[in-house]
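Please read the structure below before turning to the comments.
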Amino acid sequence: MIKNRKDISALVASGILELEPYQSARDEFAVDEGSYTFLDANEHPIPTLVNRYPDPYQTALRKQIAHLKGLSPDQLLLGNGSDEVLDLLFRVFCEPGDAIITLAPTYGMYGVLAQQHRVRNIELTLSADFQPDVDEILQTVDRNTKMLFVCSPNNPSGNLIDADRIKALLSHFNGMVVIDEAYIDFSNSESWARQLDTYPNLVVLQTFSKAYGMAGIRLGMAIANPKVILWLTKIKLPYNVNTLTQEFAKKQLKNIGEINTAIVTLKNERAQLAKALASISYVTKVFPSEANFLLVRVTDASAVYNALITMGIVVRNRSSLPHCEECLRITVGTSEENEQLISALKQVTL
Ligand SMILES: *Cc1c(COP(=O)(O)O)cnc(C)c1O
């Protein structure tokens, strides 16, 4: 194994390393336990849960998450969903004219953010079994290629990206490798966050939106080496994770046992749903999934999609994406919802 030899600070966009971050009032004195009289931030003095600005560094929540995941708080950056974290990554590493590599079919936000930041999106295609071609990727790279996005388990295909290929990319790609693990808790695989000490160019993204059941509070994170976390922290908006979100997440994480039980339930539901789907006459393939959704090929995706809509069920038609011809992406619901879906599908005649 070649250890990564890249000095990652050479990848950072101009102006970021020397940038002096905004110093908020709460940078100088964090609100805790009423130890001071706070007349420094022009807040309203009458106490409610939210009359004070939130902790800009989410110190308590980051500590709690770090503890749960066996990480150190300085390896964590929290954001308003992982979508904000993705945006911050573009702002730290890319300037107009730079490029990223994405591996289609995958999560659409990488490409959208590239466009917004005037960064070229070099879209390569995964193989028919949704694995990357390492040699093709490495041949495509030039010195303006700053980031490679690997979604594992991949959305919309649901599979894990092969670990040996990811290792090869981490070792030989001289840019940041961003592994989006939005669905990792539904898989039987360990997080790449374990490998942070080996690969300085590794950034892992996780979210509270899927397995943790908190899409509505908007909380996501980057897990990376402390240098990268420091750069991201410098450019984020001071109060990017609001008080209600921080408090709600802290409360929910105290019941991590319940969250884990629900994950096991959903994984069982996924297996049952896959079996039931495979027995439908016009279903030609149910792709194996390590996520909380199934990619399903049918003989006529838009006919099935439209029929389901008339029966009040919404799934996602992914047919226009490479290797997803005539494919629907179906989220695993409660057992009642999954039964409702199956009985609706049985009523569809093609
Ligand atoms: C759902 C999803 C996310 C989550 O985004 P949030 O902004 O954290 O809600 C990130 N990446 C992928 C691939 C997803 O499917």
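Letters for chains follow the order of the structure tokens (A, B, ...), residue numbers begin at 1 for each chain, and ligand numbers begin at 1 in the order shown.
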| task | Mind the document's chain letters and residue numbers, and return as a PyMOL selection string the residues of range 144-213 of chain A that DSSP labels strand (DSSP E or B). | result | chain A and resi 145-151+176-180+202-207
Filtering to N, CA and C atoms, could you give me those residues as a PDB file, in the first residue's frame?
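Dumped everything to out_16.pdb:
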```
ATOM      1  N   THR A 145      -7.949  18.870 -11.185  1.00  0.00           N
ATOM      2  CA  THR A 145      -8.987  17.985 -10.651  1.00  0.00           C
ATOM      3  C   THR A 145      -8.831  17.900  -9.140  1.00  0.00           C
ATOM      4  N   LYS A 146      -9.733  18.544  -8.424  1.00  0.00           N
ATOM      5  CA  LYS A 146      -9.558  18.712  -6.981  1.00  0.00           C
ATOM      6  C   LYS A 146     -10.244  17.649  -6.146  1.00  0.00           C
ATOM      7  N   MET A 147     -11.396  17.176  -6.608  1.00  0.00           N
ATOM      8  CA  MET A 147     -12.162  16.239  -5.769  1.00  0.00           C
ATOM      9  C   MET A 147     -12.757  15.130  -6.627  1.00  0.00           C
ATOM     10  N   LEU A 148     -12.849  13.958  -6.011  1.00  0.00           N
ATOM     11  CA  LEU A 148     -13.520  12.812  -6.604  1.00  0.00           C
ATOM     12  C   LEU A 148     -14.636  12.404  -5.642  1.00  0.00           C
ATOM     13  N   PHE A 149     -15.853  12.284  -6.145  1.00  0.00           N
ATOM     14  CA  PHE A 149     -16.988  11.930  -5.287  1.00  0.00           C
ATOM     15  C   PHE A 149     -17.356  10.461  -5.472  1.00  0.00           C
ATOM     16  N   VAL A 150     -17.323   9.732  -4.361  1.00  0.00           N
ATOM     17  CA  VAL A 150     -17.675   8.316  -4.366  1.00  0.00           C
ATOM     18  C   VAL A 150     -18.817   8.142  -3.376  1.00  0.00           C
ATOM     19  N   CYS A 151     -19.953   7.720  -3.867  1.00  0.00           N
ATOM     20  CA  CYS A 151     -21.120   7.554  -2.999  1.00  0.00           C
ATOM     21  C   CYS A 151     -21.251   6.064  -2.683  1.00  0.00           C
ATOM     22  N   MET A 176      -8.758  15.332  -3.296  1.00  0.00           N
ATOM     23  CA  MET A 176      -9.567  14.861  -2.178  1.00  0.00           C
ATOM     24  C   MET A 176     -10.540  13.782  -2.670  1.00  0.00           C
ATOM     25  N   VAL A 177     -10.646  12.713  -1.911  1.00  0.00           N
ATOM     26  CA  VAL A 177     -11.629  11.673  -2.215  1.00  0.00           C
ATOM     27  C   VAL A 177     -12.753  11.815  -1.189  1.00  0.00           C
ATOM     28  N   VAL A 178     -13.917  12.219  -1.676  1.00  0.00           N
ATOM     29  CA  VAL A 178     -15.059  12.442  -0.791  1.00  0.00           C
ATOM     30  C   VAL A 178     -15.963  11.211  -0.857  1.00  0.00           C
ATOM     31  N   ILE A 179     -16.041  10.473   0.229  1.00  0.00           N
ATOM     32  CA  ILE A 179     -16.889   9.279   0.265  1.00  0.00           C
ATOM     33  C   ILE A 179     -18.175   9.625   0.990  1.00  0.00           C
ATOM     34  N   ASP A 180     -19.260   9.634   0.226  1.00  0.00           N
ATOM     35  CA  ASP A 180     -20.565  10.003   0.773  1.00  0.00           C
ATOM     36  C   ASP A 180     -21.218   8.748   1.355  1.00  0.00           C
ATOM     37  N   LEU A 202      -8.739  11.932   2.515  1.00  0.00           N
ATOM     38  CA  LEU A 202     -10.065  11.323   2.662  1.00  0.00           C
ATOM     39  C   LEU A 202     -11.023  12.256   3.410  1.00  0.00           C
ATOM     40  N   VAL A 203     -12.210  12.442   2.845  1.00  0.00           N
ATOM     41  CA  VAL A 203     -13.297  13.121   3.557  1.00  0.00           C
ATOM     42  C   VAL A 203     -14.505  12.196   3.518  1.00  0.00           C
ATOM     43  N   VAL A 204     -15.078  11.906   4.672  1.00  0.00           N
ATOM     44  CA  VAL A 204     -16.275  11.065   4.733  1.00  0.00           C
ATOM     45  C   VAL A 204     -17.462  11.955   5.070  1.00  0.00           C
ATOM     46  N   LEU A 205     -18.552  11.792   4.337  1.00  0.00           N
ATOM     47  CA  LEU A 205     -19.778  12.530   4.648  1.00  0.00           C
ATOM     48  C   LEU A 205     -20.806  11.585   5.242  1.00  0.00           C
ATOM     49  N   GLN A 206     -21.407  12.000   6.328  1.00  0.00           N
ATOM     50  CA  GLN A 206     -22.542  11.268   6.886  1.00  0.00           C
ATOM     51  C   GLN A 206     -23.665  12.257   7.195  1.00  0.00           C
ATOM     52  N   THR A 207     -24.847  11.711   7.401  1.00  0.00           N
ATOM     53  CA  THR A 207     -26.003  12.581   7.594  1.00  0.00           C
ATOM     54  C   THR A 207     -26.940  12.017   8.658  1.00  0.00           C
TER      55      THR A 207
END
```
| task | Might you pull out every residue within 10 Å of Phe90 in chain A, with only C-alpha atoms counted and same-chain residues fewer than 5 positions away left off, and present them as a PyMOL selection string? | result | chain A and resi 12-13+85+95+98+100+110+113-114+116-119+146-147+232
What do you get as a PDB file with C-alpha atoms, in the first residue's frame if you pick all residues at most 8 Å from ligand 1, counting only C-alpha atoms and all ligand atoms?
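The result, written out as result_29.pdb:
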```pdb
ATOM      1  CA  ASN A  80     -27.089  22.239   7.694  1.00  0.00           C
ATOM      2  CA  GLY A  81     -27.445  18.794   6.133  1.00  0.00           C
ATOM      3  CA  SER A  82     -24.607  17.150   4.233  1.00  0.00           C
ATOM      4  CA  ASP A  83     -25.670  19.362   1.339  1.00  0.00           C
ATOM      5  CA  GLU A  84     -24.171  22.349   3.186  1.00  0.00           C
ATOM      6  CA  THR A 106     -25.090   8.997  -8.523  1.00  0.00           C
ATOM      7  CA  TYR A 107     -26.423  11.697  -6.195  1.00  0.00           C
ATOM      8  CA  MET A 109     -26.078  17.434  -5.799  1.00  0.00           C
ATOM      9  CA  CYS A 151     -21.120   7.554  -2.999  1.00  0.00           C
ATOM     10  CA  SER A 152     -21.094   4.283  -1.036  1.00  0.00           C
ATOM     11  CA  ASN A 154     -24.451   4.521  -3.966  1.00  0.00           C
ATOM     12  CA  ASN A 155     -27.665   6.408  -4.609  1.00  0.00           C
ATOM     13  CA  PRO A 156     -29.624   5.288  -6.699  1.00  0.00           C
ATOM     14  CA  ASP A 180     -20.565  10.003   0.773  1.00  0.00           C
ATOM     15  CA  GLU A 181     -21.826   7.531   3.371  1.00  0.00           C
ATOM     16  CA  ALA A 182     -25.399   8.818   3.658  1.00  0.00           C
ATOM     17  CA  TYR A 183     -26.619   5.189   3.769  1.00  0.00           C
ATOM     18  CA  LEU A 205     -19.778  12.530   4.648  1.00  0.00           C
ATOM     19  CA  GLN A 206     -22.542  11.268   6.886  1.00  0.00           C
ATOM     20  CA  THR A 207     -26.003  12.581   7.594  1.00  0.00           C
ATOM     21  CA  PHE A 208     -28.755  12.465  10.204  1.00  0.00           C
ATOM     22  CA  SER A 209     -31.368  12.489   7.429  1.00  0.00           C
ATOM     23  CA  LYS A 210     -31.609   8.777   6.679  1.00  0.00           C
ATOM     24  CA  ALA A 215     -34.204  14.758   7.789  1.00  0.00           C
ATOM     25  CA  ARG A 218     -31.026  19.418   8.654  1.00  0.00           C
ATOM     26  CA  LEU A 219     -27.885  17.990  10.173  1.00  0.00           C
ATOM     27  CA  GLY A 220     -24.990  16.442   8.299  1.00  0.00           C
ATOM     28  CA  MET A 221     -21.272  16.142   8.827  1.00  0.00           C
TER      29      MET A 221
END
```
| remark: Between A:Ile184, A:Ala10, A:Ile137, A:Cys327, smallest distance to Ala168 in chain A by only C-alpha atoms belongs to A:Ile137
| By how many Å are CA of Ser24 in chain A and CA of Pro54 in chain A apart? |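 That distance, rounded to one decimal, is 10.9 Å.
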| field | Near-Thr284 in chain A list (12 Å; only C-alpha atoms; drop same-chain fewer than 5 positions) as a PyMOL selection string | value | chain A and resi 277-279+295-301+325-328
| field | Top pick for closest residue to Leu169 in chain A, considering A:Ser343, A:Gly111, A:Asp135, A:Val92 and counting only C-alpha atoms | value |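 Between A:Ser343, A:Gly111, A:Asp135, A:Val92, the residue approaching Leu169 in chain A most closely is A:Asp135.
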| request: Tell me, in Å to one decimal, how far CA of Gly175 in chain A is from CA of Pro105 in chain A. | output: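 Atom-to-atom, CA of Gly175 in chain A to CA of Pro105 in chain A, that is 21.2 Å.
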| query | Excluding same-chain residues fewer than 6 positions from Asn292 in chain A, what lies within 12 Å of it counting only C-alpha atoms, as number ranges by chain? | reply | A: 153-159, 182-187, 209-213, 262-271, 273-274, 329-334
| said: From the options A:Met311, A:Ala344, A:Ala41, A:Leu89, which residue's atoms come nearest to Leu11 in chain A, counting only C-alpha atoms? | reply: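 Of all the options, A:Leu89 lies closest to Leu11 in chain A.
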